[in-house]
Amino acid sequence: MKLLVTGGAGFIGTNFIIYWLSHHPEDTVVNFDKLTYAGNLNNLTSVEKNPQYRFVQGDICDAKAVGAVMDGIDIVVHFAAESHVDRSILEAAPFVMTNVVGTQVLLDAALKAKVRRFHHVSTDEVFGSLELGTPDTFSERTLYNPRSPYSASKAGSDHLVRAYYHTFGLPVTITNCSNNYGPYQFPEKLIPLVITNLVEGKKVPVYGDGLNVRDWLYVEDHCRAIDAVLSDGKVGETYCVGGTTEDINNITIVKKIISLMGKDESSIEFVKDRLGHDRRYAVDWSKIKNDLGWKPQHDFDTWLTRTVEWYRANEPWWRDVKSGAYQTYYTTQYQGTV
Ligand code: NAD
Ligand code: DAU
């Protein structure tokens, strides 16, 4: 089978390509990526010489380039997106362009090429925010209530994907996944930001009171979930994917990382809260468990430790990423507070 992976040079796309080529060595993978600030071909040196892998640089908003790369594709796995909530608050336009318009361009091309499956990788953030201290969870039945420009643009893309299924019969599936962590995550996101700042001897910024809760999943488990949906998922269906079953708040995670790294809690700096900061996410993943037999295999404490080890062992990777334009973003975002 021939897969087109969009956004394969980003965090989850990279992990997915490495996972797929090792679990499905007979398949070919075309990685179509614009290489924005978040895309990094250094992530993929382990597969770049594999004859089953090919990289094509391009923008999912460019209909001509997308039409060309779609030729002969059986399965599209669509990761490409602007993915960072804080950046969407600084500037929403690239989010609407890539996440909404780019997805529509891809859908048109996939329809024309008569692909066998269009799998859309989405987020639990489309469902909005839950109250702290409640047992409430997001599921496939939860109404959409996105609250940031990022999540609103992802919600728009989900609606378009479903519209192409209902209107044109495009064979789609969607996963709405919770927060991923693991190797190759861009150090603008909480976990790699905390680890790398601590190595650099810098403070770590915690928004607001630090009590916001996310539902954490090791990235390989997300890749396995997409694999399960591609193999056995029902066309037209959505599957919620999540990890941690108990609530764990940001300050607890930051303290765990500080302890793993032998640092001091004086490194914590409480900074101005994120605008519209969603309070709590929790995903009910019983549908994908009951229908497809998927469940997370990586527990948080063990794999957080391994993630810390990965960043320690791959300092040149993140030091390179944190240079240049990253510094401009960091200064704008944190206003010299950390
Ligand atoms: P990322 O920001 O690390 O990577 C995004 C990739 O998309 C980069 O390689 C970038 O170059 C590429 N890209 C951006 N705009 C493009 C365009 N116009 N054309 C082609 N390529 C483009 O993101 P990630 O964290 O790996 O997330 C991947 C997907 O998974 C996104 O759709 C995101 O919404 C979704 N998701 C992420 C998480 C998470 O915790 N990171 C959780 C659930 C869902
Ligand atoms: O839930 C899935 C989503 O998870 C994905 O769709 C997004 O692409 C991904 O970026 C992630 O979004 P979050 O906003 O939850 O992740 P982030 O790592 O940016 O923040 C996690 C929590 O940590 C959140 O409550 C905000 C907080 N935070 C984040 C940063 C960057 C801080 O307290 N300080 C920080 O400096």
# chains A, B, ... in the order shown; residues from 1 in each chain; ligands from 1
>>> closest_atom_pairs(of="chain A", to="ligand 2", cutoff="8 Å", atoms="only C-alpha atoms and all ligand atoms", output="tab-separated table")
residue	atom	partner	partner_atom_place_in_ligand_line	distance
A:Glu82	CA	ligand 2	8 (O)	7.8
A:Ser83	CA	ligand 2	8 (O)	4.1
A:His84	CA	ligand 2	10 (O)	4.6
A:Val85	CA	ligand 2	14 (O)	5.2
A:Asp86	CA	ligand 2	19 (O)	6.7
A:Ser122	CA	ligand 2	6 (O)	6.9
A:Thr123	CA	ligand 2	6 (O)	4.4
A:Asp124	CA	ligand 2	1 (O)	5.2
A:Glu125	CA	ligand 2	1 (O)	5.2
A:Tyr150	CA	ligand 2	8 (O)	8.0
A:Ser151	CA	ligand 2	6 (O)	7.2
A:Cys177	CA	ligand 2	2 (C)	6.2
A:Ser178	CA	ligand 2	1 (O)	4.1
A:Asn179	CA	ligand 2	4 (O)	4.0
A:Asn180	CA	ligand 2	4 (O)	6.6
A:Glu188	CA	ligand 2	31 (C)	5.6
A:Lys189	CA	ligand 2	18 (O)	3.6
A:Leu190	CA	ligand 2	18 (O)	3.8
A:Ile191	CA	ligand 2	18 (O)	6.4
A:Leu193	CA	ligand 2	31 (C)	6.8
A:Val194	CA	ligand 2	36 (O)	7.7
A:Val204	CA	ligand 2	36 (O)	7.1
A:Pro205	CA	ligand 2	36 (O)	4.7
A:Val206	CA	ligand 2	33 (O)	3.6
A:Tyr207	CA	ligand 2	33 (O)	3.8
A:Gly208	CA	ligand 2	33 (O)	7.1
A:Gly210	CA	ligand 2	33 (O)	6.0
A:Asn212	CA	ligand 2	25 (O)	5.1
A:Val213	CA	ligand 2	25 (O)	6.3
A:Arg214	CA	ligand 2	15 (O)	6.2
A:Asp215	CA	ligand 2	1 (O)	7.1
A:Asn250	CA	ligand 2	23 (O)	5.7
A:Ile251	CA	ligand 2	33 (O)	7.7
A:Val271	CA	ligand 2	34 (N)	7.9
A:Asp273	CA	ligand 2	33 (O)	7.7
A:Arg274	CA	ligand 2	26 (C)	7.0
A:His277	CA	ligand 2	25 (O)	6.8
A:Asp278	CA	ligand 2	25 (O)	6.9
A:Arg279	CA	ligand 2	25 (O)	7.1
A:Arg280	CA	ligand 2	25 (O)	7.9
A:Tyr281	CA	ligand 2	1 (O)	7.1
A:Tyr334	CA	ligand 2	36 (O)	8.0
>>> residues_near_ligand(ligand="ligand 1", cutoff="6 Å", atoms="only C-alpha atoms and all ligand atoms", output="PyMOL selection string")
chain A and resi 7-13+33-36+38-39+58-61+79-83+98+121-123+177-180+186
>>> write_last_selection(atoms="N, CA and C atoms", output="mmCIF file, in the first residue's frame")
data_model
loop_
_atom_site.group_PDB
_atom_site.id
_atom_site.type_symbol
_atom_site.label_atom_id
_atom_site.label_comp_id
_atom_site.auth_asym_id
_atom_site.auth_seq_id
_atom_site.Cartn_x
_atom_site.Cartn_y
_atom_site.Cartn_z
ATOM 1 N N GLY A 7 2.615 16.395 6.902
ATOM 2 C CA GLY A 7 3.187 16.851 8.176
ATOM 3 C C GLY A 7 4.081 15.815 8.830
ATOM 4 N N GLY A 8 4.695 14.971 8.016
ATOM 5 C CA GLY A 8 5.517 13.873 8.544
ATOM 6 C C GLY A 8 6.855 14.309 9.112
ATOM 7 N N ALA A 9 7.207 15.587 8.973
ATOM 8 C CA ALA A 9 8.468 16.053 9.574
ATOM 9 C C ALA A 9 8.242 16.718 10.922
ATOM 10 N N GLY A 10 6.994 16.707 11.393
ATOM 11 C CA GLY A 10 6.695 17.241 12.725
ATOM 12 C C GLY A 10 6.779 16.139 13.770
ATOM 13 N N PHE A 11 6.337 16.462 14.962
ATOM 14 C CA PHE A 11 6.489 15.549 16.111
ATOM 15 C C PHE A 11 5.775 14.201 15.895
ATOM 16 N N ILE A 12 4.463 14.227 15.766
ATOM 17 C CA ILE A 12 3.742 12.947 15.706
ATOM 18 C C ILE A 12 3.948 12.290 14.339
ATOM 19 N N GLY A 13 3.992 13.117 13.275
ATOM 20 C CA GLY A 13 4.218 12.576 11.933
ATOM 21 C C GLY A 13 5.522 11.806 11.847
ATOM 22 N N ASP A 33 5.474 17.631 3.360
ATOM 23 C CA ASP A 33 5.587 18.573 4.474
ATOM 24 C C ASP A 33 6.152 19.895 3.963
ATOM 25 N N LYS A 34 5.603 20.967 4.469
ATOM 26 C CA LYS A 34 6.061 22.308 4.061
ATOM 27 C C LYS A 34 7.386 22.690 4.714
ATOM 28 N N LEU A 35 7.715 21.986 5.796
ATOM 29 C CA LEU A 35 8.869 22.347 6.629
ATOM 30 C C LEU A 35 8.732 23.766 7.171
ATOM 31 N N THR A 36 7.679 23.973 7.937
ATOM 32 C CA THR A 36 7.540 25.214 8.697
ATOM 33 C C THR A 36 8.553 25.144 9.840
ATOM 34 N N ALA A 38 8.159 24.046 12.568
ATOM 35 C CA ALA A 38 7.946 22.811 13.340
ATOM 36 C C ALA A 38 8.401 21.556 12.601
ATOM 37 N N GLY A 39 8.701 21.689 11.315
ATOM 38 C CA GLY A 39 9.100 20.528 10.518
ATOM 39 C C GLY A 39 10.617 20.419 10.468
ATOM 40 N N GLY A 58 6.281 20.518 0.330
ATOM 41 C CA GLY A 58 5.160 21.236 -0.269
ATOM 42 C C GLY A 58 4.148 21.653 0.770
ATOM 43 N N ASP A 59 3.259 22.542 0.316
ATOM 44 C CA ASP A 59 2.247 23.150 1.195
ATOM 45 C C ASP A 59 0.895 22.512 0.893
ATOM 46 N N ILE A 60 0.193 22.072 1.918
ATOM 47 C CA ILE A 60 -1.121 21.443 1.670
ATOM 48 C C ILE A 60 -2.145 22.440 1.108
ATOM 49 N N CYS A 61 -1.839 23.731 1.161
ATOM 50 C CA CYS A 61 -2.753 24.724 0.563
ATOM 51 C C CYS A 61 -2.521 24.878 -0.938
ATOM 52 N N PHE A 79 -1.623 14.694 9.113
ATOM 53 C CA PHE A 79 -1.152 15.318 10.356
ATOM 54 C C PHE A 79 -0.900 16.815 10.187
ATOM 55 N N ALA A 80 -0.581 17.251 8.960
ATOM 56 C CA ALA A 80 -0.061 18.619 8.784
ATOM 57 C C ALA A 80 -1.012 19.643 9.385
ATOM 58 N N ALA A 81 -0.457 20.486 10.221
ATOM 59 C CA ALA A 81 -1.265 21.522 10.868
ATOM 60 C C ALA A 81 -0.345 22.513 11.554
ATOM 61 N N GLU A 82 -0.889 23.683 11.806
ATOM 62 C CA GLU A 82 -0.311 24.554 12.826
ATOM 63 C C GLU A 82 -0.865 24.012 14.135
ATOM 64 N N SER A 83 0.007 23.703 15.105
ATOM 65 C CA SER A 83 -0.434 22.881 16.234
ATOM 66 C C SER A 83 -0.317 23.534 17.616
ATOM 67 N N THR A 98 -3.789 26.867 7.040
ATOM 68 C CA THR A 98 -3.318 25.471 6.937
ATOM 69 C C THR A 98 -4.381 24.478 7.414
ATOM 70 N N VAL A 121 -6.154 13.366 11.453
ATOM 71 C CA VAL A 121 -5.638 13.334 12.819
ATOM 72 C C VAL A 121 -6.076 14.615 13.532
ATOM 73 N N SER A 122 -6.991 14.464 14.475
ATOM 74 C CA SER A 122 -7.473 15.657 15.162
ATOM 75 C C SER A 122 -7.260 15.554 16.672
ATOM 76 N N THR A 123 -7.865 16.488 17.373
ATOM 77 C CA THR A 123 -7.518 16.719 18.772
ATOM 78 C C THR A 123 -8.750 16.705 19.672
ATOM 79 N N CYS A 177 -7.433 12.957 19.484
ATOM 80 C CA CYS A 177 -6.501 12.448 20.500
ATOM 81 C C CYS A 177 -6.148 13.529 21.525
ATOM 82 N N SER A 178 -5.768 13.068 22.697
ATOM 83 C CA SER A 178 -5.348 13.966 23.780
ATOM 84 C C SER A 178 -3.863 14.329 23.628
ATOM 85 N N ASN A 179 -3.298 14.974 24.664
ATOM 86 C CA ASN A 179 -1.912 15.476 24.604
ATOM 87 C C ASN A 179 -0.887 14.358 24.475
ATOM 88 N N ASN A 180 -0.068 14.440 23.442
ATOM 89 C CA ASN A 180 1.018 13.475 23.235
ATOM 90 C C ASN A 180 2.307 13.998 23.859
ATOM 91 N N PHE A 186 8.427 19.412 19.562
ATOM 92 C CA PHE A 186 9.026 20.749 19.460
ATOM 93 C C PHE A 186 9.005 21.434 20.835
#
>>> residues_around(residues="Val69 (chain A)", least_positions_apart="2", cutoff="12 Å", atoms="only C-alpha atoms", output="VMD selection string")
chain A and resid 2 to 6 29 to 33 54 to 60 62 to 67 71 to 74 76 106 109 to 110 113
>>> residues_around(residues="His298 (chain A)", least_positions_apart="6", cutoff="9 Å", atoms="only C-alpha atoms", output="list in words")
Leu217, Tyr218, Glu220, Asp221 and Gly243 of chain A
>>> closest_residue(among="A:Gly169, A:Pro187, A:Gly242, A:Gly236", to="Phe138 (chain A)", atoms="only C-alpha atoms")
A:Gly242
>>> select_by_dssp(residues="region 248-282 of chain A", states="helix (DSSP H, G or I)", output="ChimeraX atom specification")
/A:250-260,265-267
>>> write_last_selection(atoms="all heavy atoms", output="JSON list (two decimals), in the first residue's frame")
[["chain", "number", "residue", "atom", "x", "y", "z"],
["A", 250, "ASN", "N", -0.67, 20.39, 35.62],
["A", 250, "ASN", "CA", 0.61, 20.84, 35.04],
["A", 250, "ASN", "C", 1.71, 20.97, 36.10],
["A", 250, "ASN", "O", 2.85, 20.57, 35.86],
["A", 250, "ASN", "CB", 0.42, 22.19, 34.35],
["A", 250, "ASN", "CG", -0.48, 22.07, 33.13],
["A", 250, "ASN", "OD1", -0.66, 20.98, 32.58],
["A", 250, "ASN", "ND2", -1.07, 23.19, 32.72],
["A", 251, "ILE", "N", 1.35, 21.51, 37.26],
["A", 251, "ILE", "CA", 2.41, 21.73, 38.26],
["A", 251, "ILE", "C", 2.96, 20.40, 38.77],
["A", 251, "ILE", "O", 4.17, 20.28, 39.03],
["A", 251, "ILE", "CB", 1.90, 22.66, 39.42],
["A", 251, "ILE", "CG1", 3.07, 23.13, 40.29],
["A", 251, "ILE", "CG2", 0.82, 22.02, 40.26],
["A", 251, "ILE", "CD1", 4.00, 24.09, 39.63],
["A", 252, "THR", "N", 2.10, 19.38, 38.83],
["A", 252, "THR", "CA", 2.57, 18.05, 39.26],
["A", 252, "THR", "C", 3.56, 17.51, 38.23],
["A", 252, "THR", "O", 4.60, 16.93, 38.59],
["A", 252, "THR", "CB", 1.37, 17.08, 39.41],
["A", 252, "THR", "OG1", 0.45, 17.68, 40.31],
["A", 252, "THR", "CG2", 1.80, 15.72, 39.93],
["A", 253, "ILE", "N", 3.24, 17.69, 36.95],
["A", 253, "ILE", "CA", 4.15, 17.22, 35.88],
["A", 253, "ILE", "C", 5.48, 17.96, 35.96],
["A", 253, "ILE", "O", 6.56, 17.36, 35.89],
["A", 253, "ILE", "CB", 3.49, 17.39, 34.50],
["A", 253, "ILE", "CG1", 2.32, 16.42, 34.39],
["A", 253, "ILE", "CG2", 4.50, 17.17, 33.37],
["A", 253, "ILE", "CD1", 1.52, 16.55, 33.14],
["A", 254, "VAL", "N", 5.40, 19.26, 36.12],
["A", 254, "VAL", "CA", 6.64, 20.07, 36.18],
["A", 254, "VAL", "C", 7.49, 19.60, 37.37],
["A", 254, "VAL", "O", 8.71, 19.41, 37.24],
["A", 254, "VAL", "CB", 6.28, 21.57, 36.27],
["A", 254, "VAL", "CG1", 7.52, 22.41, 36.59],
["A", 254, "VAL", "CG2", 5.64, 22.04, 34.97],
["A", 255, "LYS", "N", 6.84, 19.36, 38.50],
["A", 255, "LYS", "CA", 7.60, 18.90, 39.68],
["A", 255, "LYS", "C", 8.21, 17.51, 39.46],
["A", 255, "LYS", "O", 9.32, 17.23, 39.91],
["A", 255, "LYS", "CB", 6.72, 18.92, 40.94],
["A", 255, "LYS", "CG", 6.47, 20.34, 41.43],
["A", 255, "LYS", "CD", 5.60, 20.36, 42.67],
["A", 255, "LYS", "CE", 5.40, 21.79, 43.16],
["A", 255, "LYS", "NZ", 4.40, 21.89, 44.24],
["A", 256, "LYS", "N", 7.47, 16.65, 38.76],
["A", 256, "LYS", "CA", 8.02, 15.31, 38.45],
["A", 256, "LYS", "C", 9.28, 15.46, 37.60],
["A", 256, "LYS", "O", 10.29, 14.78, 37.83],
["A", 256, "LYS", "CB", 7.00, 14.49, 37.63],
["A", 256, "LYS", "CG", 5.98, 13.71, 38.44],
["A", 256, "LYS", "CD", 5.05, 12.97, 37.46],
["A", 256, "LYS", "CE", 3.82, 12.40, 38.14],
["A", 256, "LYS", "NZ", 4.01, 11.17, 38.87],
["A", 257, "ILE", "N", 9.23, 16.32, 36.60],
["A", 257, "ILE", "CA", 10.40, 16.49, 35.71],
["A", 257, "ILE", "C", 11.57, 17.08, 36.50],
["A", 257, "ILE", "O", 12.71, 16.63, 36.37],
["A", 257, "ILE", "CB", 10.04, 17.37, 34.48],
["A", 257, "ILE", "CG1", 8.95, 16.69, 33.64],
["A", 257, "ILE", "CG2", 11.28, 17.63, 33.62],
["A", 257, "ILE", "CD1", 8.37, 17.55, 32.52],
["A", 258, "ILE", "N", 11.27, 18.05, 37.34],
["A", 258, "ILE", "CA", 12.33, 18.68, 38.16],
["A", 258, "ILE", "C", 13.00, 17.60, 39.02],
["A", 258, "ILE", "O", 14.23, 17.54, 39.11],
["A", 258, "ILE", "CB", 11.73, 19.81, 39.02],
["A", 258, "ILE", "CG1", 11.43, 21.02, 38.11],
["A", 258, "ILE", "CG2", 12.65, 20.20, 40.17],
["A", 258, "ILE", "CD1", 10.73, 22.17, 38.80],
["A", 259, "SER", "N", 12.18, 16.73, 39.61],
["A", 259, "SER", "CA", 12.74, 15.68, 40.47],
["A", 259, "SER", "C", 13.56, 14.68, 39.64],
["A", 259, "SER", "O", 14.65, 14.28, 40.02],
["A", 259, "SER", "CB", 11.57, 15.04, 41.22],
["A", 259, "SER", "OG", 11.89, 13.76, 41.61],
["A", 260, "LEU", "N", 13.02, 14.28, 38.47],
["A", 260, "LEU", "CA", 13.76, 13.33, 37.60],
["A", 260, "LEU", "C", 15.11, 13.89, 37.20],
["A", 260, "LEU", "O", 16.07, 13.14, 37.00],
["A", 260, "LEU", "CB", 12.95, 13.05, 36.32],
["A", 260, "LEU", "CG", 11.74, 12.12, 36.44],
["A", 260, "LEU", "CD1", 10.90, 12.17, 35.16],
["A", 260, "LEU", "CD2", 12.21, 10.69, 36.71],
["A", 265, "GLU", "N", 12.92, 23.07, 42.97],
["A", 265, "GLU", "CA", 11.62, 23.67, 42.61],
["A", 265, "GLU", "C", 11.67, 25.20, 42.52],
["A", 265, "GLU", "O", 10.72, 25.84, 42.06],
["A", 265, "GLU", "CB", 10.53, 23.21, 43.59],
["A", 265, "GLU", "CG", 10.18, 21.74, 43.34],
["A", 265, "GLU", "CD", 9.05, 21.21, 44.20],
["A", 265, "GLU", "OE1", 8.36, 22.01, 44.86],
["A", 265, "GLU", "OE2", 8.87, 19.97, 44.20],
["A", 266, "SER", "N", 12.79, 25.78, 42.93],
["A", 266, "SER", "CA", 12.93, 27.24, 42.74],
["A", 266, "SER", "C", 13.03, 27.58, 41.25],
["A", 266, "SER", "O", 12.93, 28.75, 40.86],
["A", 266, "SER", "CB", 14.17, 27.76, 43.47],
["A", 266, "SER", "OG", 15.32, 27.14, 42.92],
["A", 267, "SER", "N", 13.18, 26.55, 40.40],
["A", 267, "SER", "CA", 13.18, 26.79, 38.93],
["A", 267, "SER", "C", 11.80, 27.17, 38.41],
["A", 267, "SER", "O", 11.66, 27.64, 37.28],
["A", 267, "SER", "CB", 13.61, 25.53, 38.17],
["A", 267, "SER", "OG", 14.83, 25.06, 38.59]]
>>> select_by_dssp(residues="region 153-290 of chain A", states="strand (DSSP E or B)", output="NGL selection string")
:A and (172-177 or 179-181 or 204-207 or 213-214 or 216-218 or 238-241 or 248-249 or 268-271 or 280 or 283)
